[in-house]
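As stored in query_17.txt (compact mmCIF, C-alpha atoms):
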```txt
# COMPACT_ATOMS: atom_id res chain seq x y z
CA GLY A 123 30.88 95.28 -89.75
CA GLN A 124 31.54 94.23 -93.29
CA SER A 125 29.10 94.22 -96.16
CA LEU A 126 29.12 93.86 -99.92
CA GLU A 127 26.49 95.17 -102.30
CA GLN A 128 25.89 93.82 -105.78
CA PRO A 129 22.84 93.82 -108.06
CA SER A 130 20.55 90.86 -107.59
CA GLU A 131 19.90 90.24 -111.28
CA VAL A 132 21.36 91.14 -114.65
CA THR A 133 20.10 90.08 -118.08
CA ALA A 134 21.93 90.20 -121.40
CA VAL A 135 22.00 88.59 -124.83
CA GLU A 136 24.60 86.32 -126.35
CA GLY A 137 27.64 88.15 -127.64
CA ALA A 138 27.06 91.19 -125.44
CA ILE A 139 29.23 92.63 -122.68
CA VAL A 140 27.98 92.82 -119.11
CA GLN A 141 29.43 94.44 -116.01
CA ILE A 142 28.56 93.28 -112.49
CA ASN A 143 29.38 95.86 -109.85
CA CYS A 144 30.34 95.30 -106.25
CA THR A 145 30.74 97.90 -103.54
CA TYR A 146 32.07 96.95 -100.16
CA GLN A 147 32.31 98.32 -96.64
CA THR A 148 35.01 96.74 -94.56
CA SER A 149 37.03 97.65 -91.49
CA GLY A 150 40.17 96.69 -93.41
CA PHE A 151 40.62 95.62 -97.00
CA TYR A 152 42.53 92.54 -98.10
CA GLY A 153 41.50 91.95 -101.70
CA LEU A 154 38.35 91.34 -103.75
CA SER A 155 37.53 87.96 -105.25
CA TRP A 156 34.87 86.77 -107.68
CA TYR A 157 33.20 83.37 -107.80
CA GLN A 158 30.81 81.80 -110.28
CA GLN A 159 28.10 79.31 -109.38
CA HIS A 160 25.91 77.47 -111.87
CA ASP A 161 22.53 76.20 -110.75
CA GLY A 162 23.02 73.14 -108.57
CA GLY A 163 26.79 73.44 -108.71
CA ALA A 164 29.63 74.48 -106.45
CA PRO A 165 30.99 78.03 -106.47
CA THR A 166 34.21 78.22 -108.46
CA PHE A 167 36.92 80.85 -108.27
CA LEU A 168 37.13 83.33 -111.15
CA SER A 169 39.51 86.11 -110.18
CA TYR A 170 41.25 88.05 -107.44
CA ASN A 171 42.24 91.72 -107.21
CA GLY A 172 44.62 92.72 -104.45
CA LEU A 173 45.68 95.99 -106.01
CA ASP A 174 43.91 98.67 -108.05
CA GLY A 175 43.44 98.02 -111.70
CA LEU A 176 42.25 95.45 -114.17
CA GLU A 177 42.95 91.73 -114.15
CA GLU A 178 42.12 89.86 -117.34
CA THR A 179 41.48 86.15 -117.75
CA GLY A 180 40.17 85.30 -121.17
CA ARG A 181 36.66 86.68 -121.66
CA PHE A 182 36.45 87.72 -118.02
CA SER A 183 38.10 90.76 -116.43
CA SER A 184 37.91 92.13 -112.92
CA PHE A 185 38.59 95.65 -111.79
CA LEU A 186 39.29 97.17 -108.39
CA SER A 187 39.38 100.73 -107.09
CA ARG A 188 40.32 100.70 -103.41
CA SER A 189 39.79 104.44 -103.02
CA ASP A 190 36.16 103.99 -104.14
CA SER A 191 35.65 100.66 -102.30
CA TYR A 192 34.39 99.35 -105.61
CA GLY A 193 35.06 96.61 -108.05
CA TYR A 194 33.42 94.98 -111.02
CA LEU A 195 33.45 91.82 -113.04
CA LEU A 196 33.31 92.29 -116.79
CA LEU A 197 32.13 89.45 -118.98
CA GLN A 198 32.66 89.80 -122.72
CA GLU A 199 31.32 87.86 -125.70
CA LEU A 200 28.63 86.41 -123.51
CA GLN A 201 27.65 82.81 -124.06
CA MET A 202 24.61 80.90 -122.82
CA LYS A 203 26.87 78.93 -120.49
CA ASP A 204 27.71 82.16 -118.64
CA SER A 205 24.20 82.11 -117.15
CA ALA A 206 25.01 81.64 -113.48
CA SER A 207 25.26 83.47 -110.17
CA TYR A 208 28.30 85.62 -109.54
CA PHE A 209 29.54 86.50 -106.08
CA CYS A 210 32.04 89.09 -104.98
CA ALA A 211 33.90 88.36 -101.75
CA VAL A 212 36.41 89.99 -99.41
CA ARG A 213 38.68 88.52 -96.78
CA ARG A 214 37.17 88.68 -93.35
CA SER A 215 40.27 89.82 -91.53
CA GLN A 216 43.91 90.61 -92.04
CA ALA A 217 45.19 87.45 -90.42
CA GLY A 218 42.51 85.07 -91.62
CA THR A 219 41.64 83.32 -94.84
CA ALA A 220 37.86 83.18 -94.53
CA LEU A 221 35.80 85.15 -97.06
CA ILE A 222 32.67 87.21 -96.68
CA PHE A 223 30.46 86.95 -99.75
CA GLY A 224 27.98 89.31 -101.32
CA LYS A 225 24.45 88.04 -101.89
CA GLY A 226 25.17 87.27 -105.49
CA THR A 227 24.09 88.47 -108.92
CA THR A 228 22.09 86.14 -111.14
CA LEU A 229 23.09 86.60 -114.79
CA SER A 230 20.67 85.38 -117.42
CA VAL A 231 21.98 85.21 -120.97
CA SER A 232 19.43 84.80 -123.75
CA SER A 233 19.86 84.06 -127.45
CA ASP B 467 42.74 69.30 -109.17
CA VAL B 468 41.59 69.90 -105.64
CA LYS B 469 38.74 67.72 -104.63
CA VAL B 470 36.42 68.60 -101.77
CA THR B 471 33.95 65.86 -101.07
CA GLN B 472 30.83 66.22 -98.98
CA SER B 473 29.45 62.93 -97.76
CA SER B 474 25.80 63.47 -98.66
CA ARG B 475 24.15 65.41 -101.46
CA TYR B 476 20.71 65.33 -99.86
CA LEU B 477 19.77 64.75 -96.24
CA VAL B 478 16.41 64.76 -94.48
CA LYS B 479 16.35 64.89 -90.70
CA ARG B 480 13.77 65.44 -88.00
CA THR B 481 13.63 68.35 -85.60
CA GLY B 482 15.78 67.69 -82.55
CA GLU B 483 18.06 65.16 -84.20
CA LYS B 484 21.83 65.49 -84.00
CA VAL B 485 23.16 65.87 -87.52
CA PHE B 486 26.69 65.38 -88.82
CA LEU B 487 27.81 66.82 -92.14
CA GLU B 488 31.16 65.51 -93.28
CA CYS B 489 33.70 67.10 -95.59
CA VAL B 490 36.99 65.73 -96.86
CA GLN B 491 39.63 67.45 -98.99
CA ASP B 492 42.51 65.74 -100.76
CA MET B 493 45.02 68.58 -101.19
CA ASP B 494 46.54 68.88 -97.74
CA HIS B 495 44.98 72.32 -97.29
CA GLU B 496 45.42 74.03 -93.95
CA ASN B 497 42.15 75.95 -94.05
CA MET B 498 38.64 74.58 -94.17
CA PHE B 499 35.29 76.34 -94.03
CA TRP B 500 31.59 75.72 -93.63
CA TYR B 501 29.07 78.04 -95.28
CA ARG B 502 25.33 77.88 -95.61
CA GLN B 503 23.58 79.21 -98.68
CA ASP B 504 20.01 80.44 -98.72
CA PRO B 505 18.14 82.16 -101.56
CA GLY B 506 18.69 85.90 -101.48
CA LEU B 507 21.19 85.69 -98.63
CA GLY B 508 24.28 84.44 -100.45
CA LEU B 509 26.90 82.40 -98.65
CA ARG B 510 27.21 82.92 -94.92
CA LEU B 511 30.17 81.70 -92.91
CA ILE B 512 29.35 79.33 -90.05
CA TYR B 513 32.73 78.11 -88.82
CA PHE B 514 36.23 77.74 -90.15
CA SER B 515 39.46 76.05 -89.16
CA TYR B 516 43.04 76.90 -89.98
CA ASP B 517 44.65 73.83 -88.42
CA VAL B 518 43.85 70.49 -86.88
CA LYS B 519 41.85 70.87 -83.67
CA MET B 520 41.60 74.65 -84.24
CA LYS B 521 38.28 76.33 -84.98
CA GLU B 522 36.95 79.84 -85.29
CA LYS B 523 33.38 81.08 -85.25
CA GLY B 524 32.09 82.66 -88.38
CA ASP B 525 29.17 85.03 -88.69
CA ILE B 526 26.34 82.61 -87.87
CA PRO B 527 27.70 79.92 -85.51
CA GLU B 528 24.64 79.61 -83.29
CA GLY B 529 23.21 76.11 -83.25
CA TYR B 530 26.31 74.60 -84.86
CA SER B 531 29.62 73.15 -83.79
CA VAL B 532 32.56 71.71 -85.72
CA SER B 533 35.25 69.11 -85.38
CA ARG B 534 38.63 68.85 -87.07
CA GLU B 535 40.51 65.84 -85.78
CA LYS B 536 42.43 65.23 -89.01
CA LYS B 537 43.76 67.75 -91.48
CA GLU B 538 41.70 66.45 -94.38
CA ARG B 539 38.37 66.24 -92.59
CA PHE B 540 36.10 68.98 -91.25
CA SER B 541 32.75 68.08 -89.77
CA LEU B 542 29.78 70.33 -89.12
CA ILE B 543 27.49 69.29 -86.29
CA LEU B 544 23.94 70.42 -85.70
CA GLU B 545 23.44 69.59 -82.03
CA SER B 546 19.66 69.68 -82.21
CA ALA B 547 18.37 70.30 -85.70
CA SER B 548 15.68 72.89 -86.17
CA THR B 549 13.56 73.76 -89.21
CA ASN B 550 15.40 77.08 -89.67
CA GLN B 551 18.54 75.08 -90.36
CA THR B 552 17.03 73.75 -93.56
CA SER B 553 19.55 74.98 -96.11
CA MET B 554 22.32 74.17 -98.57
CA TYR B 555 25.59 73.59 -96.71
CA LEU B 556 28.85 74.16 -98.55
CA CYS B 557 32.27 73.05 -97.40
CA ALA B 558 35.44 74.65 -98.79
CA SER B 559 39.18 74.48 -98.36
CA SER B 560 42.12 76.70 -99.23
CA SER B 561 45.89 76.55 -98.99
CA GLY B 562 46.50 79.99 -97.52
CA MET B 563 46.17 83.73 -97.59
CA ASN B 564 44.61 85.02 -100.80
CA SER B 565 44.40 81.51 -102.19
CA PRO B 566 41.09 80.63 -103.77
CA LEU B 567 38.49 78.62 -101.92
CA HIS B 568 37.66 75.22 -103.41
CA PHE B 569 34.09 74.19 -102.70
CA GLY B 570 32.38 70.86 -102.44
CA ASN B 571 29.10 70.25 -104.25
CA GLY B 572 27.07 70.93 -101.14
CA THR B 573 24.65 69.07 -98.92
CA ARG B 574 21.02 70.07 -99.13
CA LEU B 575 19.64 69.50 -95.65
CA THR B 576 15.93 69.47 -94.95
CA VAL B 577 14.78 69.45 -91.33
CA THR B 578 11.15 68.48 -90.88
```

Write out the structure in this file as structure tokens.
Amino acid sequence: GQSLEQPSEVTAVEGAIVQINCTYQTSGFYGLSWYQQHDGGAPTFLSYNGLDGLEETGRFSSFLSRSDSYGYLLLQELQMKDSASYFCAVRRSQAGTALIFGKGTTLSVSS
Amino acid sequence: DVKVTQSSRYLVKRTGEKVFLECVQDMDHENMFWYRQDPGLGLRLIYFSYDVKMKEKGDIPEGYSVSREKKERFSLILESASTNQTSMYLCASSSGMNSPLHFGNGTRLTVT
């Protein structure tokens, strides 16, 4: 089977840096994605890592190590609006496009 | 921008009723998905479709069926609603392999 593990909650203050880890167990690996979901809102795509290394998009970066079955999302210069749930996800199969999601990490940013 | 529209934001149904949840996307995406989201459980895949009239079971298909008669529309059907199907239902679409999923705003279904 496939499973993803991520912390359930993370707290931080404005301006800080926070890292949300994700470890996965899959029969095959086809890339790691990250999604953000604000309370009452739809999940929205943040980033995708198909290969090892760091992908940077503004204040957000995502890292992947396939040999360790591990990735993380790094959020810098935290703002109150970053308070949300963050989900890591992997593709369910080689031929398909469906994603399996982790249970999500709730990030609370305080002033 | 891709728009995925779910027909109802909130729905209350009685146990045993047949329930239809509708989803429409406007970007000609091949792939469409239905997930349910419950506190502490994340998003779980119910069914997905990669073409008109094609469907694949996800991880929790029991008690559900789907219909995709047109490319832009993907319907989730609860044949006989039960209280354990009370949940947030999220529809999504994508254009292909490794393309991001675009989600609708969800339908919060309560079965009493």

I'd like the contact shell of A:Asp174 - 9 Å cut-off, only C-alpha atoms, skipping same-chain residues fewer than 3 positions apart - returned as a ChimeraX atom specification.
/A:171,185-189

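In terms of minimum interatomic distance to A:Gly123, A:Gly150 ranks closest within A:Gly163, A:Gly150, A:Gly193, A:Gly218, counting only C-alpha atoms.
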
Please measure the separation of atom CA of B:Gln472 and atom CA of B:Leu487, giving the value in Å to one decimal.
7.5 Å

Residues of chain B within 12 Å of chain A: nearest atom pair and distance (Å, one decimal) for each, counting only C-alpha atoms, sorted by chain and number, as CSV?
```
residue,atom,partner,partner_atom,distance
B:Val468,CA,A:Thr166,CA,11.5
B:Lys469,CA,A:Ala164,CA,11.5
B:Val470,CA,A:Ala164,CA,10.1
B:Thr471,CA,A:Ala164,CA,11.0
B:Gln472,CA,A:Ala164,CA,11.2
B:Arg475,CA,A:Gly162,CA,10.6
B:Tyr476,CA,A:Gly162,CA,11.9
B:His495,CA,A:Thr219,CA,11.8
B:Glu496,CA,A:Thr219,CA,10.1
B:Asn497,CA,A:Thr219,CA,7.4
B:Met498,CA,A:Ala220,CA,8.6
B:Phe499,CA,A:Ala220,CA,7.3
B:Trp500,CA,A:Ala220,CA,9.8
B:Tyr501,CA,A:Ile222,CA,10.0
B:Arg502,CA,A:Phe223,CA,11.2
B:Gln503,CA,A:Lys225,CA,9.4
B:Asp504,CA,A:Lys225,CA,9.4
B:Pro505,CA,A:Lys225,CA,8.6
B:Gly506,CA,A:Lys225,CA,6.2
B:Leu507,CA,A:Lys225,CA,5.2
B:Gly508,CA,A:Lys225,CA,3.9
B:Leu509,CA,A:Phe223,CA,5.9
B:Arg510,CA,A:Phe223,CA,7.1
B:Leu511,CA,A:Ile222,CA,7.1
B:Ile512,CA,A:Ala220,CA,10.4
B:Tyr513,CA,A:Ala220,CA,9.2
B:Phe514,CA,A:Ala220,CA,7.2
B:Ser515,CA,A:Ala220,CA,9.1
B:Tyr516,CA,A:Thr219,CA,8.2
B:Asp517,CA,A:Thr219,CA,11.8
B:Lys521,CA,A:Ala220,CA,11.8
B:Glu522,CA,A:Ala220,CA,9.9
B:Lys523,CA,A:Ala220,CA,10.5
B:Gly524,CA,A:Ala220,CA,8.4
B:Asp525,CA,A:Ile222,CA,9.0
B:Ile526,CA,A:Ile222,CA,11.8
B:Met554,CA,A:Gly162,CA,10.1
B:Tyr555,CA,A:Ala164,CA,10.6
B:Leu556,CA,A:Ala164,CA,7.9
B:Cys557,CA,A:Ala164,CA,9.5
B:Ala558,CA,A:Pro165,CA,9.5
B:Ser559,CA,A:Ala220,CA,9.6
B:Ser560,CA,A:Thr219,CA,8.0
B:Ser561,CA,A:Thr219,CA,9.0
B:Gly562,CA,A:Thr219,CA,6.5
B:Met563,CA,A:Thr219,CA,5.3
B:Asn564,CA,A:Thr219,CA,6.9
B:Ser565,CA,A:Thr219,CA,8.1
B:Pro566,CA,A:Phe167,CA,6.1
B:Leu567,CA,A:Phe167,CA,6.9
B:His568,CA,A:Thr166,CA,6.8
B:Phe569,CA,A:Ala164,CA,5.8
B:Gly570,CA,A:Ala164,CA,6.1
B:Asn571,CA,A:Ala164,CA,4.8
B:Gly572,CA,A:Ala164,CA,6.9
B:Thr573,CA,A:Ala164,CA,10.5
B:Arg574,CA,A:Gly162,CA,10.1
```

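Put simply, atom CA of A:Gln128 is 27.1 Å away from atom CA of B:Leu575.
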
In Å and to one decimal, atom CA of A:Ala134 is distant from atom CA of A:Met202 by 9.8 Å

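Using all atoms listed in the file, the shortest contact distance between B:Val490 and any of B:Met520, B:Leu542, B:Ala547, B:Val577 is found at B:Leu542.
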
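Proximity ranking of B:Gln551, B:Ser541, B:Ser531, B:Ser546 relative to B:Phe486 places B:Ser541 first, based on all atoms listed in the file.
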
If you count only C-alpha atoms, the residue of A:Ala138, A:His160, A:Lys203, A:Leu196 closest to A:Glu177 turns out to be A:Leu196

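When all atoms listed in the file are used to compute distances to B:Glu488, the closest of the residues B:Glu535, B:Ile543, B:Asn550, B:Pro527 turns out to be B:Ile543.
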
Could you pull the residues within 10 Å of B:Thr549, counting all atoms listed in the file, minus those fewer than 3 positions along the same chain, as a PyMOL selection string?
chain B and resi 479-482+552-553+575-578

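Closest approach to B:Arg539 among B:Ser474, B:Val485, B:Asp467, B:Val518: B:Val518, based on only C-alpha atoms.
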
Test item: axis-aligned box, all listed atoms of stretch 213-219 of chain A, 5 Å on each side, centre and edges in Å rounded to one decimal, as AutoDock Vina command-line options:
```
--center_x 41.2 --center_y 87.0 --center_z -93.6 --size_x 18.0 --size_y 17.3 --size_z 16.4
```

Near-A:Val231 list (10 Å; only C-alpha atoms; drop same-chain fewer than 5 positions) as JSON, numbers by chain
{"A": [132, 133, 134, 135, 136, 137, 138, 140, 200, 201, 202, 203, 204, 205, 206]}
